[in-house]
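Here's the structure we're looking at; comments come further down.
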Amino acid sequence: MEKLQKKIYFDIFPGGEKQIVKEAEDVNHLVGDKYSKDQIRKAYFHMIFLFFIADDRSEERIIGSSKINMGDQITEEDTLIMYGYIKDRFLRHQLGTENSEALQGFSDVMFGGNIGYDSDEIPGGYGNFGYSITNPIPTKGINGSHVYLRKLKFLATGKEIKWGRTGSYSSDNIENKIDKYKLFDISGDDIATIYISPYHRKNSDKAPEGFELI
C-alpha cells in the first residue's frame, strides 16, 4: 500500500515538494490569502489526491469529503474555488493542452456545466423513461453517469448492478449525444438496456421502472 501511495503521489506531483508548495500558494492566492500555509496545504493535498484516485469526482463527493476532513477551517465557497482549480489541473494533465476552449468543452462532457436542464426528466422527452432513446436519463457529465449507475439497484434482486457503455447515439428530440448502457446483475447476466444523456446540470433523482436509487 505504501508503494502504491508513493507512486500516486509522484504521478500527481512529479515535481515533488516544490510543486506542492507552489500549487498550494497559487490556490491560496485565488481565495485571497486568507488561510495559513498548513491549512491550505492540508485541504489542497486531500482534495487533489482524492480527485485523482476516486471514481466519483463530482463536486458533491470531493467537497463533501473536504468538509469532513477540514471541518469549518475552509469555507464552502473557497473549497469550491479549490475544486475548480483541481479540476482544471486534472483536465490539463489528461489532455496535455492549455487551450481554454478545449478544456471547457471536455469539462462539460466529463463533469457537466451550465448546459442542459436541471430536472429529473428532459423536457420534450417521450417514451419509457430510461429505456427509450427519446426519453434518456439526464446526468451531469460522464462522471455523473457513473455516479448515477452506482446508485442504481435492481428491484428484482435488491442488489446493485454492473454496466457497460455500448455506444453513442442521437435522437431528433434530444440535444447532444445519448449514451447507451447495458446493465448486468452481479452474476453478469443481462437485465436491461438504458439510455443516458450526460449533458445536464444535475443527475436525475428518478430511476427507470424496475430499479431504484439508493
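Letters A, B, ... mark the chains of the C-alpha cells in the order given; residue numbers begin at 1 per chain; ligand numbers begin at 1, in order shown.
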- [ ] With a distance cut-off of 12 Å and only C-alpha atoms, select the neighbouring residues of Ser168 of chain A, excluding the residue or stretch itself and same-chain residues fewer than 3 positions from it, and output the selection as a list of chain:residue names.
- [x]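 Counting only the stated atoms, we get A:Ile133, A:Ile142, A:Arg165, A:Ser171, A:Asn176, A:Lys177, A:Ile178, A:Asp179, A:Lys180, A:Tyr181, A:Ile194, A:Tyr195, A:Ile196, A:Ser197, A:Pro198.
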Residues of segment 40-96 of chain A that approach segment 148-159 of chain A to 12 Å or less, counting only C-alpha atoms: could you list each one with the shortest pair of atoms and its distance in Å to one decimal, rows by chain and increasing residue number, as a Markdown table?
| residue | atom | partner | partner_atom | distance |
| --- | --- | --- | --- | --- |
| A:Asp55 | CA | A:Arg150 | CA | 10.1 |
| A:Asp56 | CA | A:Arg150 | CA | 9.6 |
| A:Ser58 | CA | A:Tyr148 | CA | 11.1 |
Write the selection just made, keeping N, CA and C atoms, as a CSV table (one decimal), in the first residue's frame?
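New file result32.csv:
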chain,number,residue,atom,x,y,z
A,55,ASP,N,-13.4,7.3,-8.3
A,55,ASP,CA,-14.3,7.1,-9.4
A,55,ASP,C,-15.3,8.2,-9.5
A,56,ASP,N,-15.7,8.7,-8.3
A,56,ASP,CA,-16.6,9.8,-8.3
A,56,ASP,C,-15.9,11.1,-8.0
A,58,SER,N,-17.2,14.1,-8.6
A,58,SER,CA,-18.2,15.2,-8.6
A,58,SER,C,-17.9,16.2,-7.5
Task: Polymer residues at most 8 Å from Ile186 of chain A, only C-alpha atoms, same-chain spacing of 5 or more positions, as a PyMOL selection string - done: chain A and resi 159-162
Task: In segment 21-99 of chain A, DSSP alpha helix (DSSP H) residues written as an NGL selection string - done: :A and (21-30 or 37-53 or 59-70 or 76-95)
Write out as a Markdown table the residues of segment 8-69 of chain A that have any atom within 7 Å of an atom of segment 75-84 of chain A, one row each with the nearest atom pair and its distance in Å to one decimal, counting only C-alpha atoms, sorted by chain and then rising number.
| residue | atom | partner | partner_atom | distance |
| --- | --- | --- | --- | --- |
| A:Val27 | CA | A:Met82 | CA | 6.4 |
| A:Val31 | CA | A:Asp78 | CA | 5.9 |
| A:Ile63 | CA | A:Thr79 | CA | 6.5 |
Would you save the residues of that selection, restricted to N, CA and C atoms, as an mmCIF file, in the first residue's frame?
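Okay, selection-v1.cif is ready:
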data_model
loop_
_atom_site.group_PDB
_atom_site.id
_atom_site.type_symbol
_atom_site.label_atom_id
_atom_site.label_comp_id
_atom_site.auth_asym_id
_atom_site.auth_seq_id
_atom_site.Cartn_x
_atom_site.Cartn_y
_atom_site.Cartn_z
ATOM 1 N N VAL A 27 -3.326 28.368 -5.028
ATOM 2 C CA VAL A 27 -4.702 28.214 -4.555
ATOM 3 C C VAL A 27 -5.009 29.246 -3.481
ATOM 4 N N VAL A 31 -8.014 32.381 -3.349
ATOM 5 C CA VAL A 31 -9.057 32.588 -2.330
ATOM 6 C C VAL A 31 -8.742 33.769 -1.418
ATOM 7 N N ILE A 63 -16.015 17.882 -2.449
ATOM 8 C CA ILE A 63 -16.211 18.956 -1.468
ATOM 9 C C ILE A 63 -16.766 18.400 -0.169
#
